[in-house]
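Next comes work_7.pdb, with PDB, C-alpha atoms, pLDDT in the B column.
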```pdb
ATOM      1  CA  MET A   1     118.511  -0.240 141.364  1.00 62.00           C
ATOM      2  CA  LYS A   2     117.396   2.383 143.829  1.00 72.00           C
ATOM      3  CA  LEU A   3     120.972   3.657 144.203  1.00 71.00           C
ATOM      4  CA  ALA A   4     121.358   4.100 140.446  1.00 73.00           C
ATOM      5  CA  ARG A   5     118.033   5.873 140.282  1.00 74.00           C
ATOM      6  CA  LEU A   6     119.047   8.170 143.168  1.00 68.00           C
ATOM      7  CA  ARG A   7     122.342   9.007 141.418  1.00 74.00           C
ATOM      8  CA  SER A   8     120.500   9.809 138.195  1.00 72.00           C
ATOM      9  CA  LEU A   9     118.113  12.073 140.116  1.00 69.00           C
ATOM     10  CA  ILE A  10     120.997  13.917 141.811  1.00 74.00           C
ATOM     11  CA  VAL A  11     122.862  14.381 138.512  1.00 67.00           C
ATOM     12  CA  LEU A  12     119.688  15.608 136.821  1.00 65.00           C
ATOM     13  CA  SER A  13     119.041  18.063 139.670  1.00 66.00           C
ATOM     14  CA  ILE A  14     122.569  19.458 139.421  1.00 71.00           C
ATOM     15  CA  ILE A  15     122.231  19.901 135.641  1.00 68.00           C
ATOM     16  CA  VAL A  16     118.889  21.698 136.003  1.00 58.00           C
ATOM     17  CA  LEU A  17     120.289  23.951 138.756  1.00 57.00           C
ATOM     18  CA  CYS A  18     123.369  24.853 136.679  1.00 55.00           C
ATOM     19  CA  PHE A  19     121.155  25.492 133.653  1.00 54.00           C
ATOM     20  CA  GLN A  20     118.979  27.907 135.667  1.00 55.00           C
ATOM     21  CA  LEU A  21     121.998  29.736 137.055  1.00 50.00           C
ATOM     22  CA  THR A  22     123.361  30.379 133.573  1.00 53.00           C
ATOM     23  CA  PHE A  23     120.147  32.195 132.640  1.00 51.00           C
ATOM     24  CA  ALA A  24     119.765  34.061 135.939  1.00 56.00           C
ATOM     25  CA  GLY A  25     119.951  37.825 135.639  1.00 66.00           C
ATOM     26  CA  THR A  26     122.851  39.812 136.966  1.00 84.00           C
ATOM     27  CA  THR A  27     121.299  43.286 136.782  1.00 88.00           C
ATOM     28  CA  GLY A  28     118.227  45.050 138.068  1.00 90.00           C
ATOM     29  CA  LYS A  29     115.859  47.699 136.776  1.00 91.00           C
ATOM     30  CA  ILE A  30     114.623  51.031 138.155  1.00 92.00           C
ATOM     31  CA  MET A  31     111.327  52.494 137.095  1.00 91.00           C
ATOM     32  CA  GLY A  32     108.947  55.151 138.292  1.00 91.00           C
ATOM     33  CA  VAL A  33     107.065  58.338 137.513  1.00 92.00           C
ATOM     34  CA  ILE A  34     108.051  62.016 137.825  1.00 92.00           C
ATOM     35  CA  THR A  35     105.177  64.345 138.688  1.00 91.00           C
ATOM     36  CA  ASP A  36     104.602  67.903 139.846  1.00 91.00           C
ATOM     37  CA  SER A  37     104.128  67.985 143.632  1.00 88.00           C
ATOM     38  CA  GLU A  38     101.240  70.471 143.419  1.00 89.00           C
ATOM     39  CA  ASN A  39      99.008  69.191 140.617  1.00 90.00           C
ATOM     40  CA  LYS A  40     100.336  65.589 140.360  1.00 89.00           C
ATOM     41  CA  GLU A  41     100.705  65.912 136.557  1.00 90.00           C
ATOM     42  CA  ALA A  42     103.580  64.357 134.612  1.00 90.00           C
ATOM     43  CA  ILE A  43     106.555  66.632 133.972  1.00 89.00           C
ATOM     44  CA  PRO A  44     107.730  66.316 130.355  1.00 86.00           C
ATOM     45  CA  GLY A  45     111.416  66.998 129.692  1.00 85.00           C
ATOM     46  CA  SER A  46     112.609  65.811 133.097  1.00 90.00           C
ATOM     47  CA  ARG A  47     115.216  63.152 133.730  1.00 90.00           C
ATOM     48  CA  VAL A  48     116.485  60.746 136.341  1.00 93.00           C
ATOM     49  CA  ILE A  49     120.160  59.882 136.716  1.00 92.00           C
ATOM     50  CA  ILE A  50     122.081  57.551 138.983  1.00 92.00           C
ATOM     51  CA  ASP A  51     124.525  59.845 140.766  1.00 91.00           C
ATOM     52  CA  GLY A  52     128.174  59.083 140.045  1.00 89.00           C
ATOM     53  CA  THR A  53     127.411  57.031 136.924  1.00 89.00           C
ATOM     54  CA  THR A  54     126.518  57.636 133.299  1.00 89.00           C
ATOM     55  CA  MET A  55     123.237  55.758 133.680  1.00 90.00           C
ATOM     56  CA  GLY A  56     119.940  57.578 133.554  1.00 89.00           C
ATOM     57  CA  ALA A  57     116.700  58.024 131.674  1.00 90.00           C
ATOM     58  CA  ASN A  58     114.658  60.762 130.049  1.00 86.00           C
ATOM     59  CA  VAL A  59     111.061  60.864 131.138  1.00 82.00           C
ATOM     60  CA  SER A  60     108.177  60.039 128.818  1.00 76.00           C
ATOM     61  CA  PRO A  61     106.320  63.258 127.929  1.00 74.00           C
ATOM     62  CA  VAL A  62     102.969  61.469 127.980  1.00 80.00           C
ATOM     63  CA  ASP A  63     102.748  59.831 131.404  1.00 86.00           C
ATOM     64  CA  GLY A  64     105.977  60.957 133.144  1.00 86.00           C
ATOM     65  CA  SER A  65     107.341  57.434 133.446  1.00 90.00           C
ATOM     66  CA  TYR A  66     110.985  56.428 133.209  1.00 92.00           C
ATOM     67  CA  VAL A  67     112.955  53.163 133.102  1.00 92.00           C
ATOM     68  CA  ILE A  68     116.656  52.580 133.743  1.00 92.00           C
ATOM     69  CA  LEU A  69     117.766  49.119 132.598  1.00 91.00           C
ATOM     70  CA  ASN A  70     120.849  46.983 133.323  1.00 91.00           C
ATOM     71  CA  VAL A  71     121.679  48.487 136.726  1.00 92.00           C
ATOM     72  CA  PRO A  72     124.250  46.390 138.608  1.00 92.00           C
ATOM     73  CA  PRO A  73     123.107  45.326 142.096  1.00 91.00           C
ATOM     74  CA  GLY A  74     124.023  47.754 144.845  1.00 90.00           C
ATOM     75  CA  THR A  75     122.877  50.853 146.708  1.00 91.00           C
ATOM     76  CA  TYR A  76     122.590  54.060 144.676  1.00 92.00           C
ATOM     77  CA  ILE A  77     121.633  57.723 144.838  1.00 92.00           C
ATOM     78  CA  LEU A  78     118.996  58.825 142.304  1.00 92.00           C
ATOM     79  CA  VAL A  79     118.569  62.440 141.192  1.00 92.00           C
ATOM     80  CA  GLY A  80     115.383  63.649 139.507  1.00 91.00           C
ATOM     81  CA  SER A  81     115.549  67.036 137.792  1.00 90.00           C
ATOM     82  CA  CYS A  82     113.849  69.340 135.343  1.00 89.00           C
ATOM     83  CA  ILE A  83     114.258  73.001 134.390  1.00 86.00           C
ATOM     84  CA  GLY A  84     111.915  75.080 136.539  1.00 86.00           C
ATOM     85  CA  TYR A  85     111.875  72.548 139.382  1.00 89.00           C
ATOM     86  CA  ASN A  86     114.094  71.858 142.386  1.00 89.00           C
ATOM     87  CA  LYS A  87     116.286  68.761 142.081  1.00 90.00           C
ATOM     88  CA  LEU A  88     115.174  65.844 144.215  1.00 91.00           C
ATOM     89  CA  THR A  89     117.794  63.409 145.502  1.00 92.00           C
ATOM     90  CA  VAL A  90     116.819  59.978 146.825  1.00 91.00           C
ATOM     91  CA  THR A  91     119.535  58.082 148.705  1.00 91.00           C
ATOM     92  CA  ASN A  92     119.923  54.415 149.633  1.00 90.00           C
ATOM     93  CA  VAL A  93     118.031  53.011 146.653  1.00 90.00           C
ATOM     94  CA  LEU A  94     118.688  49.268 146.771  1.00 90.00           C
ATOM     95  CA  ILE A  95     118.965  47.476 143.419  1.00 89.00           C
ATOM     96  CA  GLN A  96     118.849  43.670 143.334  1.00 88.00           C
ATOM     97  CA  ALA A  97     119.427  41.276 140.452  1.00 86.00           C
ATOM     98  CA  ASP A  98     116.253  40.348 138.560  1.00 85.00           C
ATOM     99  CA  VAL A  99     114.177  42.790 140.625  1.00 87.00           C
ATOM    100  CA  THR A 100     112.426  45.954 139.435  1.00 89.00           C
ATOM    101  CA  THR A 101     112.842  48.753 141.970  1.00 90.00           C
ATOM    102  CA  GLU A 102     110.157  51.427 141.874  1.00 91.00           C
ATOM    103  CA  GLN A 103     111.087  55.004 142.774  1.00 91.00           C
ATOM    104  CA  ASP A 104     108.704  57.886 142.062  1.00 91.00           C
ATOM    105  CA  PHE A 105     109.640  61.571 142.192  1.00 91.00           C
ATOM    106  CA  GLU A 106     107.449  64.547 143.067  1.00 91.00           C
ATOM    107  CA  LEU A 107     109.356  67.681 142.065  1.00 90.00           C
ATOM    108  CA  VAL A 108     108.599  71.071 143.609  1.00 90.00           C
ATOM    109  CA  SER A 109     108.205  73.998 141.240  1.00 87.00           C
ATOM    110  CA  GLU A 110     110.893  76.655 141.566  1.00 82.00           C
ATOM    111  CA  ALA A 111     110.887  80.213 140.296  1.00 73.00           C
ATOM    112  CA  ILE A 112     113.960  80.764 138.186  1.00 68.00           C
ATOM    113  CA  HIS A 113     115.625  84.086 138.881  1.00 66.00           C
ATOM    114  CA  VAL A 114     118.119  85.324 136.391  1.00 65.00           C
ATOM    115  CA  GLY A 115     120.155  88.372 137.347  1.00 71.00           C
ATOM    116  CA  ASP A 116     120.162  91.526 135.277  1.00 70.00           C
ATOM    117  CA  MET A 117     121.683  91.008 131.873  1.00 65.00           C
ATOM    118  CA  GLU A 118     123.224  93.528 129.511  1.00 69.00           C
ATOM    119  CA  ILE A 119     123.727  92.682 125.873  1.00 65.00           C
ATOM    120  CA  ILE A 120     125.971  94.929 123.833  1.00 71.00           C
ATOM    121  CA  GLY A 121     125.657  94.741 120.078  1.00 67.00           C
ATOM    122  CA  ILE A 122     128.946  94.887 118.209  1.00 73.00           C
ATOM    123  CA  ARG A 123     129.092  95.492 114.487  1.00 69.00           C
ATOM    124  CA  PRO A 124     131.113  92.781 112.737  1.00 71.00           C
ATOM    125  CA  ASP A 125     134.292  93.799 110.944  1.00 74.00           C
ATOM    126  CA  ILE A 126     133.015  92.328 107.673  1.00 73.00           C
ATOM    127  CA  ASP A 127     129.363  92.477 106.632  1.00 70.00           C
ATOM    128  CA  LYS A 128     128.736  89.689 104.125  1.00 71.00           C
ATOM    129  CA  PHE A 129     125.670  91.497 102.737  1.00 71.00           C
ATOM    130  CA  GLU A 130     127.564  94.627 101.637  1.00 70.00           C
ATOM    131  CA  VAL A 131     128.733  94.379  98.046  1.00 69.00           C
ATOM    132  CA  SER A 132     130.473  97.745  97.828  1.00 70.00           C
ATOM    133  CA  THR A 133     132.583  99.990 100.023  1.00 69.00           C
ATOM    134  CA  VAL A 134     130.603 101.521 102.869  1.00 71.00           C
ATOM    135  CA  GLU A 135     131.948 104.135 105.252  1.00 73.00           C
ATOM    136  CA  ARG A 136     130.063 104.720 108.491  1.00 75.00           C
ATOM    137  CA  ILE A 137     130.662 107.638 110.799  1.00 79.00           C
ATOM    138  CA  SER A 138     129.483 107.603 114.413  1.00 81.00           C
ATOM    139  CA  LYS A 139     127.864 110.595 116.091  1.00 82.00           C
ATOM    140  CA  GLU A 140     130.955 110.966 118.289  1.00 87.00           C
ATOM    141  CA  GLU A 141     133.175 111.231 115.188  1.00 85.00           C
ATOM    142  CA  ILE A 142     130.790 113.773 113.624  1.00 85.00           C
ATOM    143  CA  ALA A 143     130.856 115.878 116.788  1.00 86.00           C
ATOM    144  CA  ALA A 144     134.673 115.944 116.686  1.00 88.00           C
ATOM    145  CA  ILE A 145     134.801 117.284 113.070  1.00 86.00           C
ATOM    146  CA  PRO A 146     134.927 121.122 112.817  1.00 86.00           C
ATOM    147  CA  ALA A 147     132.162 121.547 110.197  1.00 83.00           C
ATOM    148  CA  ILE A 148     128.913 123.508 109.975  1.00 83.00           C
ATOM    149  CA  ASN A 149     126.994 121.296 107.539  1.00 81.00           C
ATOM    150  CA  ILE A 150     126.966 117.805 106.042  1.00 78.00           C
ATOM    151  CA  GLU A 151     129.179 118.883 103.134  1.00 78.00           C
ATOM    152  CA  GLY A 152     131.931 119.860 105.569  1.00 81.00           C
ATOM    153  CA  ILE A 153     131.688 116.441 107.251  1.00 82.00           C
ATOM    154  CA  ILE A 154     131.837 114.646 103.888  1.00 79.00           C
ATOM    155  CA  LYS A 155     134.851 116.707 102.726  1.00 79.00           C
ATOM    156  CA  ALA A 156     136.733 115.571 105.843  1.00 81.00           C
ATOM    157  CA  GLN A 157     136.449 111.912 104.790  1.00 80.00           C
ATOM    158  CA  THR A 158     139.020 109.963 102.788  1.00 79.00           C
ATOM    159  CA  GLY A 159     138.556 109.993  99.002  1.00 77.00           C
ATOM    160  CA  PHE A 160     136.482 113.217  98.803  1.00 78.00           C
ATOM    161  CA  VAL A 161     137.808 116.270  96.984  1.00 75.00           C
ATOM    162  CA  SER A 162     136.209 119.676  96.567  1.00 75.00           C
ATOM    163  CA  GLN A 163     137.051 121.434  93.272  1.00 75.00           C
ATOM    164  CA  GLY A 164     135.358 124.552  92.053  1.00 74.00           C
ATOM    165  CA  GLY A 165     132.457 124.223  94.502  1.00 72.00           C
ATOM    166  CA  ALA A 166     131.718 120.657  93.384  1.00 74.00           C
ATOM    167  CA  LEU A 167     132.358 117.570  95.459  1.00 73.00           C
ATOM    168  CA  HIS A 168     134.182 114.645  93.795  1.00 74.00           C
ATOM    169  CA  VAL A 169     134.657 111.129  95.141  1.00 74.00           C
ATOM    170  CA  ARG A 170     137.639 109.130  93.936  1.00 72.00           C
ATOM    171  CA  GLY A 171     137.547 110.728  90.504  1.00 68.00           C
ATOM    172  CA  SER A 172     133.773 110.665  90.015  1.00 72.00           C
ATOM    173  CA  ARG A 173     131.801 113.802  89.232  1.00 68.00           C
ATOM    174  CA  ALA A 174     129.017 115.420  91.250  1.00 62.00           C
ATOM    175  CA  GLY A 175     126.207 114.055  89.028  1.00 68.00           C
ATOM    176  CA  GLU A 176     127.385 110.466  89.555  1.00 69.00           C
ATOM    177  CA  LEU A 177     127.106 110.507  93.355  1.00 65.00           C
ATOM    178  CA  ALA A 178     124.324 109.978  95.857  1.00 69.00           C
ATOM    179  CA  PHE A 179     124.662 110.855  99.530  1.00 68.00           C
ATOM    180  CA  VAL A 180     122.346 109.266 102.086  1.00 72.00           C
ATOM    181  CA  ASP A 181     121.956 110.654 105.609  1.00 71.00           C
ATOM    182  CA  ASP A 182     120.031 108.336 107.996  1.00 72.00           C
ATOM    183  CA  GLY A 183     118.329 106.641 105.057  1.00 71.00           C
ATOM    184  CA  LEU A 184     117.286 109.933 103.425  1.00 74.00           C
ATOM    185  CA  PRO A 185     118.945 111.133 100.210  1.00 72.00           C
ATOM    186  CA  ASP A 186     120.877 114.372 100.719  1.00 66.00           C
ATOM    187  CA  LEU A 187     120.633 116.704  97.749  1.00 57.00           C
TER     188      LEU A 187
END
```
Mind turning the file's structure into structure tokens?
Amino acid sequence: MKLARLRSLIVLSIIVLCFQLTFAGTTGKIMGVITDSENKEAIPGSRVIIDGTTMGANVSPVDGSYVILNVPPGTYILVGSCIGYNKLTVTNVLIQADVTTEQDFELVSEAIHVGDMEIIGIRPDIDKFEVSTVERISKEEIAAIPAINIEGIIKAQTGFVSQGGALHVRGSRAGELAFVDDGLPDL
């Protein structure tokens, strides 16, 4: 009787052990807080990544905490970063199955220096807000035209004809035209 009872106990122990192993975790978790090294306040907009993988986490803007779930067991390199701060790399972070590894970051503020920049505005070939034909002349083009007044500059443009002292544009008459020079009507 004792032998049968012992066998039943051994079988039951093996079943319970196998049952526990099937529900045992195979990944770990990393959590921590990212703060400013000077004032110890949370840094919103920062992130932590596991170097060499696609795993990482954005930091909570409220308390600076982060959590990276489902990390396979092993040794990793963590990188904490945020714009305006130096990156902080932590090596040899050991992750174990069913264990939460805590790793906090204190980032050091960094002045961002951007070199001199030059932005050159270029007029687009087509202006979608113009509903009629517009001809623009640059000051360099005006300087190259041999004329003494604005009428001489206008006569040198395509589509303008001078007949009998009057200026005509593409068949229109003088009373039908308006000339604007730097936003001011030219009479």
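The gap separating CA of Arg47 in chain A from CA of Thr89 in chain A is 12.1 Å, in Å to one decimal.
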Rounded to one decimal in Å, what is the spacing between CA of Asp116 in chain A and CA of Tyr85 in chain A?
21.1 Å
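Interatomic distance, CA of Thr101 in chain A against CA of Thr35 in chain A: 17.7 Å.
The protein and nucleic acid residues lying at most 6 Å from Val79 in chain A are Val48, Ile49, Leu88 and Thr89 of chain A, with all atoms listed in the file considered and sequence neighbours fewer than 2 positions away removed.
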Using all atoms listed in the file for the distances, tell me which of A:Ser138, A:Val108, A:Lys155, A:Ser81 is nearest to Asp182 in chain A.
A:Ser138
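Comparing the minimum interatomic distances between Pro61 in chain A and each of A:Gly45, A:Arg5, A:Val180, A:Asp127, counting all atoms listed in the file, we find that A:Gly45 sits nearest.
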Would you write out, as a ChimeraX atom specification, every residue that the PyMOL selection byres ((chain A and resi 86) around 12) captures in this file?
/A:36-37,46,79-85,87-89,105-112
Could you expand the PyMOL selection byres ((chain A and resi 76) around 8) into the explicit residues it covers here, written as a count of residues only?
11
Selection dump of the PyMOL selection byres ((chain A and resi 98) around 7), as an mmCIF file with C-alpha atoms, in the frame of the given file:
```
data_model
loop_
_atom_site.group_PDB
_atom_site.id
_atom_site.type_symbol
_atom_site.label_atom_id
_atom_site.label_comp_id
_atom_site.auth_asym_id
_atom_site.auth_seq_id
_atom_site.Cartn_x
_atom_site.Cartn_y
_atom_site.Cartn_z
ATOM 1 C CA GLY A 25 119.951 37.825 135.639
ATOM 2 C CA THR A 26 122.851 39.812 136.966
ATOM 3 C CA THR A 27 121.299 43.286 136.782
ATOM 4 C CA GLY A 28 118.227 45.050 138.068
ATOM 5 C CA GLN A 96 118.849 43.670 143.334
ATOM 6 C CA ALA A 97 119.427 41.276 140.452
ATOM 7 C CA VAL A 99 114.177 42.790 140.625
ATOM 8 C CA THR A 100 112.426 45.954 139.435
#
```
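Among the candidates A:Glu41, A:Ala144, A:Glu135, A:Asp181, the residue lying nearest to Gln157 in chain A is A:Glu135 (atoms considered: only C-alpha atoms).
Here the question is which of A:Ile153, A:Met55, A:Ala4, A:Leu184 gets nearest to Lys139 in chain A using only C-alpha atoms, and that residue is A:Ile153.
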Would you list the contacts of range 64-70 of chain A as a ChimeraX atom specification, taking every protein, DNA or RNA residue within 7 Å and counting only C-alpha atoms, but skipping same-chain residues closer than 5 positions in sequence?
/A:27-35,42-44,56-59
Taking every listed atom of range 32-35 of chain A and adding 6 Å to each side, what centre and edge lengths in Å (one decimal) does the axis-aligned box have, as AutoDock Vina command-line options?
```
--center_x 107.1 --center_y 59.7 --center_z 138.1 --size_x 15.8 --size_y 21.2 --size_z 13.2
```
